[in-house]
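Peer 1: Got work08.cif for you, mmCIF, C-alpha atoms and all ligand atoms:
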data_my_file
loop_
_atom_site.label_atom_id
_atom_site.label_comp_id
_atom_site.auth_asym_id
_atom_site.auth_seq_id
_atom_site.Cartn_x
_atom_site.Cartn_y
_atom_site.Cartn_z
CA THR A 1 44.41 108.85 341.16
CA GLY A 2 43.79 107.68 337.62
CA ALA A 3 47.44 107.75 336.58
CA GLU A 4 48.75 104.86 334.50
CA ALA A 5 51.19 103.78 331.86
CA GLY A 6 52.78 106.67 330.05
CA ASP A 7 51.26 109.27 332.28
CA LEU A 8 53.41 112.35 332.13
CA GLY A 9 51.99 113.06 335.54
CA GLY A 10 53.67 110.10 337.14
CA GLY A 11 51.99 106.80 337.80
CA ARG A 12 52.26 103.15 338.51
CA ALA A 13 54.29 100.78 336.40
CA HIS A 14 52.86 99.50 333.16
CA THR A 15 51.48 96.04 333.69
CA SER A 16 49.38 95.27 330.62
CA ARG A 17 51.15 93.39 327.87
CA SER A 18 52.37 95.73 325.16
CA ALA A 19 51.37 94.97 321.56
CA VAL A 20 54.99 95.53 320.56
CA PRO A 21 57.97 94.13 322.45
CA VAL A 22 59.63 97.49 322.97
CA THR A 23 62.94 96.07 324.19
CA ASP A 24 63.49 94.63 320.69
CA LEU A 25 63.31 98.12 319.25
CA THR A 26 66.70 99.37 320.28
CA GLY A 27 68.32 100.29 316.95
CA PRO A 28 72.00 100.36 315.94
CA ALA A 29 74.68 100.11 318.66
CA THR A 30 77.56 101.55 316.64
CA PRO A 31 78.17 104.83 314.81
CA ALA A 32 77.77 104.93 311.03
CA PRO A 33 81.08 104.58 309.14
CA GLY A 34 83.09 107.75 309.79
CA GLY A 35 80.93 108.71 312.80
CA MET A 36 82.02 108.80 316.41
CA ARG A 37 80.62 107.77 319.77
CA ARG A 38 79.39 110.64 321.95
CA THR A 39 78.97 109.62 325.55
CA HIS A 40 77.43 111.66 328.35
CA THR A 41 76.34 111.03 331.89
CA LEU A 42 73.42 113.12 333.07
CA VAL A 43 72.88 113.17 336.81
CA ALA A 44 69.38 114.26 337.75
CA ARG A 45 69.57 116.24 340.96
CA LYS A 46 68.13 119.14 342.83
CA ALA A 47 70.18 122.32 342.85
CA THR A 48 69.90 126.01 343.50
CA VAL A 49 70.90 127.67 340.26
CA ARG A 50 71.58 131.31 339.55
CA LEU A 51 69.99 132.24 336.21
CA GLU A 52 71.78 134.35 333.58
CA ALA A 53 69.00 136.87 334.09
CA GLY A 54 69.75 137.27 337.78
CA PRO A 55 67.59 135.46 340.32
CA SER A 56 68.35 132.07 341.84
CA VAL A 57 65.84 129.25 341.53
CA ASP A 58 65.39 125.97 343.34
CA ALA A 59 65.55 123.67 340.37
CA TRP A 60 65.55 120.06 339.33
CA THR A 61 68.53 119.74 337.02
CA PHE A 62 70.59 117.50 334.85
CA GLY A 63 74.10 118.00 336.18
CA GLY A 64 73.40 121.08 338.29
CA THR A 65 72.90 123.52 335.41
CA LEU A 66 69.93 125.13 333.68
CA PRO A 67 69.45 123.92 330.99
CA GLY A 68 71.23 120.56 331.33
CA PRO A 69 74.44 119.88 329.37
CA PRO A 70 74.03 120.61 325.66
CA ILE A 71 74.31 117.45 323.59
CA THR A 72 75.81 117.96 320.16
CA ALA A 73 76.74 115.50 317.45
CA THR A 74 77.37 115.16 313.76
CA GLN A 75 75.08 113.07 311.58
CA GLY A 76 76.11 109.43 311.81
CA ASP A 77 77.47 109.66 315.37
CA LEU A 78 76.23 107.33 318.07
CA ILE A 79 74.79 109.16 321.07
CA GLU A 80 75.03 107.28 324.32
CA VAL A 81 73.66 108.91 327.44
CA GLU A 82 73.63 107.39 330.87
CA LEU A 83 70.94 108.86 333.06
CA ALA A 84 71.51 108.58 336.81
CA ASN A 85 68.85 109.75 339.24
CA HIS A 86 70.60 111.17 342.28
CA ASP A 87 67.75 112.66 344.31
CA ILE A 88 64.58 113.22 342.31
CA ASP A 89 62.02 111.29 344.37
CA GLU A 90 59.37 111.55 341.67
CA GLY A 91 61.61 109.66 339.21
CA VAL A 92 62.95 110.70 335.80
CA THR A 93 63.47 109.52 332.22
CA LEU A 94 64.91 111.13 329.09
CA HIS A 95 62.73 111.79 326.07
CA TRP A 96 64.38 113.06 322.87
CA HIS A 97 61.77 115.53 321.73
CA GLY A 98 61.28 115.43 317.97
CA TYR A 99 64.03 112.88 317.42
CA ASP A 100 62.87 109.64 315.83
CA VAL A 101 64.78 107.31 318.12
CA PRO A 102 64.10 103.57 318.20
CA CYS A 103 61.17 103.08 320.54
CA ALA A 104 63.07 101.55 323.48
CA ASN A 105 65.00 104.85 323.79
CA ASP A 106 61.97 107.11 323.74
CA GLY A 107 61.80 107.63 327.48
CA ALA A 108 58.03 107.31 327.93
CA ALA A 109 57.89 106.18 331.55
CA GLY A 110 55.73 103.12 332.09
CA VAL A 111 55.43 102.49 328.33
CA THR A 112 58.88 102.15 326.75
CA GLN A 113 60.75 101.77 330.04
CA GLU A 114 60.25 101.83 333.77
CA VAL A 115 60.73 105.18 335.42
CA VAL A 116 64.30 105.70 336.74
CA ALA A 117 63.78 105.94 340.49
CA ARG A 118 66.11 107.69 342.90
CA GLY A 119 69.42 105.79 342.83
CA GLY A 120 68.59 104.16 339.48
CA ARG A 121 70.26 104.37 336.07
CA PHE A 122 69.29 103.90 332.44
CA VAL A 123 71.37 104.05 329.26
CA TYR A 124 69.95 105.57 326.07
CA ARG A 125 71.66 104.81 322.81
CA PHE A 126 70.69 105.94 319.33
CA ARG A 127 72.31 106.90 316.10
CA ALA A 128 72.12 110.56 315.17
CA ASP A 129 70.85 110.06 311.63
CA GLN A 130 68.81 113.28 311.44
CA ALA A 131 70.46 116.67 311.49
CA GLY A 132 68.72 119.56 313.19
CA THR A 133 67.63 121.27 316.39
CA TYR A 134 65.94 119.17 319.08
CA TRP A 135 65.78 118.97 322.85
CA TYR A 136 65.51 116.43 325.61
CA HIS A 137 63.44 116.39 328.77
CA THR A 138 62.14 114.09 331.45
CA HIS A 139 59.01 112.17 330.48
CA HIS A 140 57.79 111.32 333.94
CA ALA A 141 55.96 113.81 336.13
CA SER A 142 57.03 116.19 333.40
CA HIS A 143 54.45 118.85 334.23
CA LEU A 144 56.60 119.29 337.35
CA GLY A 145 60.04 118.17 336.18
CA VAL A 146 60.35 120.05 332.87
CA ARG A 147 59.06 123.24 334.42
CA ARG A 148 61.64 122.97 337.20
CA GLY A 149 64.51 122.40 334.79
CA LEU A 150 64.86 118.77 333.69
CA TYR A 151 65.61 119.58 330.06
CA GLY A 152 68.49 120.38 327.71
CA THR A 153 69.28 120.85 324.02
CA LEU A 154 70.21 118.36 321.31
CA VAL A 155 71.77 119.68 318.11
CA VAL A 156 72.95 117.43 315.30
CA LYS A 157 75.03 119.05 312.56
CA PRO A 158 74.83 117.73 309.01
CA ARG A 159 77.84 115.74 307.90
CA GLN A 160 78.28 118.12 305.03
CA GLU A 161 77.23 121.74 305.25
CA ALA A 162 76.95 123.93 302.18
CA ARG A 163 78.02 126.91 304.24
CA PRO A 164 78.67 126.44 307.95
CA ALA A 165 77.50 129.34 310.07
CA GLY A 166 80.23 131.48 311.62
CA LEU A 167 78.03 132.05 314.65
CA ASP A 168 75.68 129.19 315.51
CA LEU A 169 73.67 129.74 318.71
CA THR A 170 71.31 127.35 320.44
CA LEU A 171 68.71 129.38 322.32
CA PRO A 172 66.27 127.53 324.56
CA VAL A 173 63.57 129.66 326.18
CA HIS A 174 62.07 128.67 329.51
CA THR A 175 60.01 130.30 332.23
CA PHE A 176 61.28 129.99 335.80
CA ASP A 177 59.07 131.31 338.59
CA GLY A 178 57.35 133.59 336.11
CA ALA A 179 60.57 134.98 334.58
CA VAL A 180 61.06 134.18 330.88
CA VAL A 181 64.70 133.28 330.27
CA LEU A 182 66.41 132.97 326.90
CA SER A 183 69.58 130.99 327.62
CA GLY A 184 72.64 131.53 325.48
CA GLY A 185 73.97 134.96 326.39
CA ALA A 186 72.71 138.43 325.58
CA GLU A 187 75.61 139.69 323.44
CA HIS A 188 77.40 138.13 320.48
CA LEU A 189 79.78 139.29 317.80
CA ALA A 190 79.66 138.24 314.14
CA PRO A 191 81.71 139.93 311.43
CA ALA A 192 79.68 141.66 308.70
CA GLY A 193 79.13 139.25 305.81
CA SER A 194 79.29 136.10 307.95
CA LEU A 195 76.44 133.62 308.25
CA VAL A 196 74.56 133.52 311.56
CA ARG A 197 72.22 130.72 312.67
CA LEU A 198 69.91 131.06 315.68
CA ARG A 199 68.22 127.90 316.94
CA LEU A 200 65.15 128.85 318.97
CA ILE A 201 63.69 126.18 321.21
CA ASN A 202 60.48 126.62 323.21
CA THR A 203 60.73 124.43 326.32
CA ASP A 204 57.65 125.97 327.97
CA SER A 205 54.02 124.88 327.93
CA ASP A 206 52.77 128.02 326.16
CA PRO A 207 53.75 129.60 322.84
CA HIS A 208 56.33 132.38 322.58
CA ARG A 209 56.60 135.14 320.02
CA PHE A 210 59.95 136.04 318.49
CA ALA A 211 61.02 138.84 316.16
CA LEU A 212 64.34 139.53 314.50
CA ALA A 213 65.00 143.22 313.85
CA GLY A 214 67.78 144.83 311.85
CA THR A 215 68.08 142.35 309.00
CA PRO A 216 66.03 140.18 306.65
CA PHE A 217 66.38 136.50 307.49
CA THR A 218 65.16 133.07 306.51
CA VAL A 219 63.45 130.41 308.59
CA ALA A 220 65.87 127.69 307.56
CA ALA A 221 64.27 124.88 309.54
CA VAL A 222 61.17 124.15 311.58
CA ASP A 223 61.24 121.43 314.24
CA GLY A 224 64.68 120.32 313.05
CA ARG A 225 63.70 119.79 309.40
CA ASP A 226 65.03 122.11 306.69
CA LEU A 227 62.46 124.04 304.68
CA HIS A 228 62.61 124.01 300.88
CA GLN A 229 63.89 127.30 299.44
CA PRO A 230 62.82 129.52 302.31
CA GLY A 231 62.40 133.14 301.23
CA GLN A 232 63.62 136.30 302.91
CA VAL A 233 61.46 137.51 305.76
CA SER A 234 61.46 140.94 307.26
CA ARG A 235 59.34 142.72 309.83
CA LYS A 236 57.34 139.64 310.74
CA THR A 237 57.00 137.83 314.04
CA LEU A 238 57.34 134.11 314.58
CA ARG A 239 55.05 132.18 316.82
CA LEU A 240 56.81 129.19 318.30
CA ALA A 241 54.63 126.42 319.73
CA ALA A 242 55.45 124.84 323.08
CA GLY A 243 58.06 122.19 322.35
CA GLY A 244 58.76 123.57 318.84
CA ARG A 245 61.94 124.88 317.22
CA HIS A 246 62.73 127.49 314.57
CA ASP A 247 66.20 127.89 313.03
CA LEU A 248 66.74 131.42 311.70
CA GLU A 249 69.57 132.34 309.34
CA PHE A 250 70.88 135.65 308.13
CA VAL A 251 74.00 137.22 306.69
CA MET A 252 75.35 139.62 309.24
CA PRO A 253 74.86 143.24 308.16
CA GLY A 254 77.16 146.10 309.13
CA THR A 255 74.74 147.15 311.87
CA PRO A 256 73.47 145.28 314.97
CA VAL A 257 70.65 142.76 314.87
CA SER A 258 68.34 142.13 317.81
CA LEU A 259 66.21 139.15 318.70
CA SER A 260 63.18 139.97 320.76
CA LEU A 261 61.18 137.52 322.78
CA ASP A 262 57.55 138.33 323.62
CA GLY A 263 58.16 141.96 322.70
CA GLY A 264 61.34 142.73 324.67
CA ALA A 265 64.81 142.66 323.07
CA THR A 266 66.87 139.96 324.76
CA LEU A 267 69.77 139.21 322.42
CA TRP A 268 72.04 141.36 320.29
CA VAL A 269 74.40 140.28 317.54
CA ARG A 270 76.85 143.06 316.68
CA PRO A 271 79.30 143.37 313.77
CA ALA A 272 81.83 144.98 316.12
CA ALA A 273 82.06 145.63 319.84
CA GLY A 274 80.25 148.82 320.74
CA ALA A 275 78.20 149.02 317.52
CA THR A 276 74.76 150.24 318.53
CA ALA A 277 71.30 150.49 317.03
CA ALA A 278 67.97 151.64 318.35
CA THR A 279 65.59 148.99 319.65
CA GLU A 280 62.77 148.58 317.15
CA ASP A 281 59.15 148.40 318.18
CA VAL A 282 58.02 145.03 316.80
CA SER A 283 54.56 145.04 318.39
CA GLY A 284 52.71 145.81 315.15
CA TRP A 285 54.51 143.25 313.01
CA PRO A 286 52.29 140.53 311.53
CA GLU A 287 52.91 136.85 312.13
CA LEU A 288 54.76 134.84 309.47
CA ASP A 289 52.43 132.33 307.82
CA LEU A 290 54.38 129.08 307.58
CA LEU A 291 51.62 127.47 305.48
CA THR A 292 52.59 129.60 302.50
CA TYR A 293 56.28 130.08 303.32
CA GLY A 294 59.06 128.58 301.19
CA THR A 295 58.64 126.79 297.88
CA ALA A 296 56.46 123.80 297.16
CA THR A 297 58.26 120.68 296.06
CA ARG A 298 57.04 117.22 295.20
CA GLU A 299 55.88 115.59 298.39
CA PRO A 300 53.92 112.40 297.71
CA LEU A 301 52.46 112.35 301.20
CA ARG A 302 50.48 115.50 300.41
CA THR A 303 48.14 113.52 298.18
CA ALA A 304 48.72 109.89 299.15
CA PRO A 305 45.50 108.10 300.06
CA ALA A 306 45.41 107.44 303.77
CA GLY A 307 45.23 103.87 304.99
CA ARG A 308 44.12 105.08 308.42
CA HIS A 309 42.38 108.23 309.46
CA PHE A 310 41.85 109.43 313.01
CA THR A 311 40.02 112.43 314.34
CA LEU A 312 40.97 113.92 317.68
CA VAL A 313 38.52 116.41 319.14
CA LEU A 314 40.14 118.40 321.94
CA ASP A 315 38.04 119.89 324.68
CA ARG A 316 37.72 119.96 328.40
CA GLY A 317 35.07 119.14 330.89
CA LEU A 318 33.58 116.33 332.84
CA ALA A 319 34.67 113.00 331.34
CA MET A 320 34.89 109.35 332.21
CA VAL A 321 38.45 108.74 333.32
CA ASP A 322 39.39 105.27 334.48
CA GLY A 323 35.75 104.37 335.02
CA ALA A 324 34.82 107.41 337.07
CA PRO A 325 33.69 110.93 336.15
CA ALA A 326 36.44 113.52 336.48
CA TYR A 327 37.19 117.00 335.25
CA ALA A 328 39.74 116.55 332.48
CA GLN A 329 41.42 117.82 329.34
CA THR A 330 39.80 115.49 326.86
CA VAL A 331 40.27 113.85 323.50
CA ASN A 332 37.00 112.66 321.92
CA GLY A 333 35.27 113.18 325.25
CA ARG A 334 37.64 111.06 327.31
CA GLY A 335 40.74 111.62 329.38
CA HIS A 336 43.90 109.55 329.66
CA PRO A 337 44.09 106.61 330.33
CA SER A 338 40.58 106.02 328.97
CA ILE A 339 41.28 107.25 325.44
CA PRO A 340 41.47 104.33 322.99
CA HIS A 341 44.88 103.73 321.40
CA GLN A 342 45.40 104.60 317.76
CA LEU A 343 46.41 101.42 315.95
CA VAL A 344 48.54 101.51 312.80
CA ALA A 345 50.57 99.01 310.80
CA GLU A 346 54.06 99.56 309.48
CA GLY A 347 53.91 101.20 306.05
CA ASP A 348 50.51 102.84 306.56
CA VAL A 349 49.90 106.37 305.43
CA VAL A 350 48.14 107.83 308.44
CA ARG A 351 46.13 111.01 308.53
CA PHE A 352 44.82 112.67 311.55
CA THR A 353 42.56 115.61 312.01
CA VAL A 354 42.86 117.61 315.20
CA VAL A 355 39.88 119.76 316.13
CA ASN A 356 40.14 122.21 319.01
CA ARG A 357 36.73 122.84 320.56
CA SER A 358 38.15 124.43 323.69
CA LEU A 359 39.15 127.98 324.53
CA GLU A 360 42.83 127.10 325.07
CA THR A 361 45.71 126.46 322.69
CA HIS A 362 46.86 122.86 322.47
CA PRO A 363 50.40 122.26 321.13
CA TRP A 364 49.93 118.77 319.71
CA HIS A 365 52.94 116.43 319.76
CA LEU A 366 53.42 112.95 318.33
CA HIS A 367 56.47 110.94 319.39
CA GLY A 368 58.69 109.08 316.95
CA HIS A 369 57.37 110.57 313.69
CA PRO A 370 57.38 114.01 312.14
CA VAL A 371 54.01 114.87 310.63
CA LEU A 372 53.39 116.75 307.40
CA VAL A 373 50.94 119.62 307.71
CA LEU A 374 48.23 119.27 305.04
CA SER A 375 45.89 122.09 306.01
CA VAL A 376 44.69 124.38 308.75
CA ASP A 377 40.97 125.26 308.78
CA GLY A 378 40.76 123.91 305.24
CA ARG A 379 43.53 126.22 304.02
CA PRO A 380 46.10 123.93 302.39
CA SER A 381 49.84 124.11 302.98
CA THR A 382 51.15 125.48 299.69
CA GLY A 383 54.70 126.51 300.62
CA SER A 384 57.58 124.27 301.51
CA PRO A 385 56.49 120.89 302.82
CA LEU A 386 56.10 121.60 306.51
CA TRP A 387 57.22 118.74 308.73
CA VAL A 388 56.62 119.32 312.40
CA ASP A 389 56.55 117.35 315.61
CA THR A 390 54.62 119.92 317.62
CA PHE A 391 51.90 122.17 316.20
CA ASP A 392 49.80 124.77 317.94
CA VAL A 393 46.11 124.08 317.53
CA ARG A 394 44.47 127.32 318.57
CA PRO A 395 40.88 127.59 319.83
CA GLY A 396 38.47 126.64 317.06
CA GLU A 397 41.16 125.46 314.65
CA VAL A 398 41.15 122.24 312.65
CA TRP A 399 44.50 120.79 311.55
CA GLU A 400 45.00 117.99 309.10
CA VAL A 401 48.36 116.22 309.17
CA ALA A 402 49.79 113.02 307.71
CA PHE A 403 52.70 110.74 308.37
CA ARG A 404 54.09 107.44 307.25
CA ALA A 405 54.09 104.70 309.88
CA ALA A 406 57.76 103.76 309.58
CA ASN A 407 58.99 103.57 313.18
CA PRO A 408 57.45 100.55 314.92
CA GLY A 409 56.68 100.77 318.60
CA VAL A 410 54.40 102.40 321.10
CA TRP A 411 54.35 106.17 320.91
CA MET A 412 52.79 108.86 323.03
CA ASN A 413 50.54 111.33 321.23
CA HIS A 414 49.64 114.25 323.45
CA CYS A 415 49.24 117.91 324.17
CA HIS A 416 52.62 119.47 324.96
CA ASN A 417 51.11 121.89 327.37
CA LEU A 418 52.35 119.52 330.05
CA PRO A 419 49.71 120.36 332.68
CA HIS A 420 47.08 119.59 330.01
CA ALA A 421 48.73 116.22 329.28
CA HIS A 422 48.75 115.54 333.00
CA GLN A 423 45.04 116.38 333.11
CA GLY A 424 44.22 113.76 330.52
CA MET A 425 45.10 115.03 327.05
CA MET A 426 47.25 112.10 325.99
CA LEU A 427 46.89 108.81 324.16
CA GLN A 428 49.06 106.16 322.54
CA LEU A 429 49.79 105.30 318.94
CA ARG A 430 50.60 101.62 318.62
CA TYR A 431 51.75 99.43 315.78
CA ASP A 432 49.72 96.27 315.55
CU1 LIG B 501 58.39 116.67 324.47
CU2 LIG B 501 55.87 113.45 325.05
O1 LIG B 501 57.11 115.08 324.88
CU CU B 502 46.57 121.30 325.68
#
Would you write out, as structure tokens, the structure that this file holds?

Peer 2:
Amino acid sequence: TGAEAGDLGGGRAHTSRSAVPVTDLTGPATPAPGGMRRTHTLVARKATVRLEAGPSVDAWTFGGTLPGPPITATQGDLIEVELANHDIDEGVTLHWHGYDVPCANDGAAGVTQEVVARGGRFVYRFRADQAGTYWYHTHHASHLGVRRGLYGTLVVKPRQEARPAGLDLTLPVHTFDGAVVLSGGAEHLAPAGSLVRLRLINTDSDPHRFALAGTPFTVAAVDGRDLHQPGQVSRKTLRLAAGGRHDLEFVMPGTPVSLSLDGGATLWVRPAAGATAATEDVSGWPELDLLTYGTATREPLRTAPAGRHFTLVLDRGLAMVDGAPAYAQTVNGRGHPSIPHQLVAEGDVVRFTVVNRSLETHPWHLHGHPVLVLSVDGRPSTGSPLWVDTFDVRPGEVWEVAFRAANPGVWMNHCHNLPHAHQGMMLQLRYD
């Protein structure tokens, strides 16, 4: 049915010879000096899970829980995860979303590894050199598997923290059977004056809107990367792209703080048990503009001449897919697997322009490399350098981004609305 190598929708094994011998790209096998080895076994299996919010769902899980086991590490640790597929007939892999792992660990089924079939195993190993908030998920039949629960969180703490947060919460949001669930508990205590960090992770295929009421805060990091001198924000909403992450920080006031998701308050942080505050109506709050947020700092990539430039025009309609006309989500008029690869060489400065000609939002995601946002609709990024791995290209928008080709391999480049990727909106970036 037109599925092939790298298809998030599931497909046959990759047979064509890869331009890059992926198995060579495995990276270090030991922790950095002073680091430790963090080992996990994740068993992919079906389970009926009772959600924090109430209802039970028939899920596909890692280890029987939703989300799967949280993976945490300190910079310099070696993360070693054995994936075992107990009973997922469709097959599974693990992709480390936003984490620049060596290519052989990237989990792109049919491209960097064979899918792990029922009864099979695969070991992922990579050094946690980047601090920040990330997540993992299956990268095979993921429009089914991620939605049903094959995902979890990955948080890497810096080796040295200027001021460690007293309360540090990892908060993945996911929709199960139409119910939006923010995992991580609805009630938390933090003494007044202490530092609180909230790590928001959007594991859905559509954007979510967050608002923090009761205190000014900073957006300390976007997609795992710290922003430069982020300023205080108050009474603004945050729009979080599918797949994206925002880390919010604030000093706990003497009164409760609430985090609302899509307009409803879902999480309270209180200075003392029983402290109450009225729920604020956040519906009229404007959206924070990350293009102008934070402070500019020297970032050579903002002006570096590009060695390669690609344009991706996103649309949908009738397209040639695998030699036959089909209705598809398209890039430059074609659907996966008929979209030509993007070829780069190590060391290239690469720019790409993403144009959305459709009426839907496309959260664009490149594996293996964070990209620097240069402009949106011609409006340049003038705040902190904004490094992202997933960016929402709304209908009619034009995004310009750049990155340095410094992680050799074969990398998927696709829409992170996973049904869209399944319907064709996906290509490969390859080092030649
Ligand atoms: Cu989070 Cu290719 O995916
Ligand atoms: Cu899309």

Peer 1: In terms of the shortest atom-to-atom distance over all atoms listed in the file, which of A:Leu261, A:Ala242, A:Leu144, A:Val43 is closest to ligand LIG 501 (chain B)?

Peer 2: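 For ligand LIG 501 (chain B), the nearest of the given residues is A:Ala242.
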
Peer 1: List the neighbours of Thr175 of chain A out to 8 Å using only C-alpha atoms; skip same-chain residues closer than 5 positions along the sequence, and give me the result as a ChimeraX atom specification.

Peer 2: /A:147,180-181,204

Peer 1: Extract, using all atoms listed in the file, all DNA, RNA and protein residues at most 7 Å from His336 of chain A, discarding same-chain residues fewer than 4 positions from it, and format them as number ranges by chain.

Peer 2: A: 321, 424-427

Peer 1: Pick out the residues no farther than 7 Å from ligand CU 502 (chain B), counting all atoms listed in the file, and list them as a ChimeraX atom specification.

Peer 2: /A:360-363,415-417,420-421,425

Peer 1: Write out as a PyMOL selection string each polymer residue (protein, DNA or RNA) that has an atom no more than 10 Å from ligand LIG 501 (chain B), with all atoms listed in the file counted.

Peer 2: chain A and resi 6-8+94-99+106-109+134-140+142+146+151+203-205+242-244+364-368+389-390+411-418+421+426

Peer 1: At a cut-off of 8 Å, using all atoms listed in the file, what residues contact Arg125 of chain A? Leave out same-chain residues fewer than 4 positions from it and give the result as a list in words.

Peer 2: Thr26, Ala29, Leu78, Ile79, Glu80, Val81 and Asn105 of chain A

Peer 1: Nearest to Glu161 of chain A among A:Ala131, A:Ala296, A:Ala277, A:Ala306, with distances taken over all atoms listed in the file: which residue is it?

Peer 2: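 Comparing A:Ala131, A:Ala296, A:Ala277, A:Ala306 against Glu161 of chain A, the winner is A:Ala131.
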
Peer 1: Between atom CA of Leu167 of chain A and atom CA of Lys236 of chain A, what distance in Å does the model show, to one decimal?

Peer 2: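 Interatomic distance, atom CA of Leu167 of chain A to atom CA of Lys236 of chain A: 22.4 Å.
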
Peer 1: Could you write out as lines of an AutoDock Vina configuration file the box around segment 340-347 of chain A (axis-aligned, all atoms listed in the file, 3 Å on each side), with centre and edge lengths in Å to one decimal?

Peer 2:
center_x = 47.8
center_y = 101.8
center_z = 314.5
size_x = 18.6
size_y = 11.6
size_z = 22.9

Peer 1: For Thr65 of chain A, which residue out of A:Val173, A:Arg127, A:Gly149, A:Glu90 is the nearest one, using only C-alpha atoms?

Peer 2: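 That would be A:Gly149, the residue with the smallest distance to Thr65 of chain A.
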
Peer 1: At the level of C-alpha atoms, write segment 310-345 of chain A to a file as a PDB file, in the first residue's frame, please.

Peer 2:
ATOM      1  CA  PHE A 310      15.875  23.391   0.389  1.00  0.00           C
ATOM      2  CA  THR A 311      12.298  24.498   0.049  1.00  0.00           C
ATOM      3  CA  LEU A 312       9.492  22.292   1.298  1.00  0.00           C
ATOM      4  CA  VAL A 313       6.009  23.252   0.173  1.00  0.00           C
ATOM      5  CA  LEU A 314       3.391  21.497   2.285  1.00  0.00           C
ATOM      6  CA  ASP A 315      -0.042  20.821   0.888  1.00  0.00           C
ATOM      7  CA  ARG A 316      -2.456  18.027   0.330  1.00  0.00           C
ATOM      8  CA  GLY A 317      -4.233  16.556  -2.600  1.00  0.00           C
ATOM      9  CA  LEU A 318      -3.860  14.094  -5.383  1.00  0.00           C
ATOM     10  CA  ALA A 319      -0.188  13.208  -5.837  1.00  0.00           C
ATOM     11  CA  MET A 320       2.005  10.588  -7.403  1.00  0.00           C
ATOM     12  CA  VAL A 321       2.926   8.180  -4.648  1.00  0.00           C
ATOM     13  CA  ASP A 322       5.038   5.169  -5.524  1.00  0.00           C
ATOM     14  CA  GLY A 323       4.185   5.540  -9.198  1.00  0.00           C
ATOM     15  CA  ALA A 324       0.429   5.786  -8.775  1.00  0.00           C
ATOM     16  CA  PRO A 325      -1.925   8.692  -8.072  1.00  0.00           C
ATOM     17  CA  ALA A 326      -3.116   8.807  -4.466  1.00  0.00           C
ATOM     18  CA  TYR A 327      -4.648  11.296  -2.092  1.00  0.00           C
ATOM     19  CA  ALA A 328      -1.809  12.372   0.185  1.00  0.00           C
ATOM     20  CA  GLN A 329      -0.285  14.925   2.520  1.00  0.00           C
ATOM     21  CA  THR A 330       2.396  16.255   0.216  1.00  0.00           C
ATOM     22  CA  VAL A 331       5.782  17.910   0.155  1.00  0.00           C
ATOM     23  CA  ASN A 332       6.547  19.672  -3.144  1.00  0.00           C
ATOM     24  CA  GLY A 333       3.590  17.899  -4.711  1.00  0.00           C
ATOM     25  CA  ARG A 334       4.631  14.384  -3.777  1.00  0.00           C
ATOM     26  CA  GLY A 335       3.969  11.968  -0.963  1.00  0.00           C
ATOM     27  CA  HIS A 336       6.323   9.613   0.843  1.00  0.00           C
ATOM     28  CA  PRO A 337       8.106   7.513  -0.407  1.00  0.00           C
ATOM     29  CA  SER A 338       8.226   9.493  -3.664  1.00  0.00           C
ATOM     30  CA  ILE A 339       9.704  12.668  -2.176  1.00  0.00           C
ATOM     31  CA  PRO A 340      13.381  13.042  -3.156  1.00  0.00           C
ATOM     32  CA  HIS A 341      15.886  12.822  -0.289  1.00  0.00           C
ATOM     33  CA  GLN A 342      17.637  15.968   0.878  1.00  0.00           C
ATOM     34  CA  LEU A 343      21.371  15.422   0.446  1.00  0.00           C
ATOM     35  CA  VAL A 344      23.904  17.226   2.634  1.00  0.00           C
ATOM     36  CA  ALA A 345      27.588  16.839   3.434  1.00  0.00           C
TER      37      ALA A 345
END
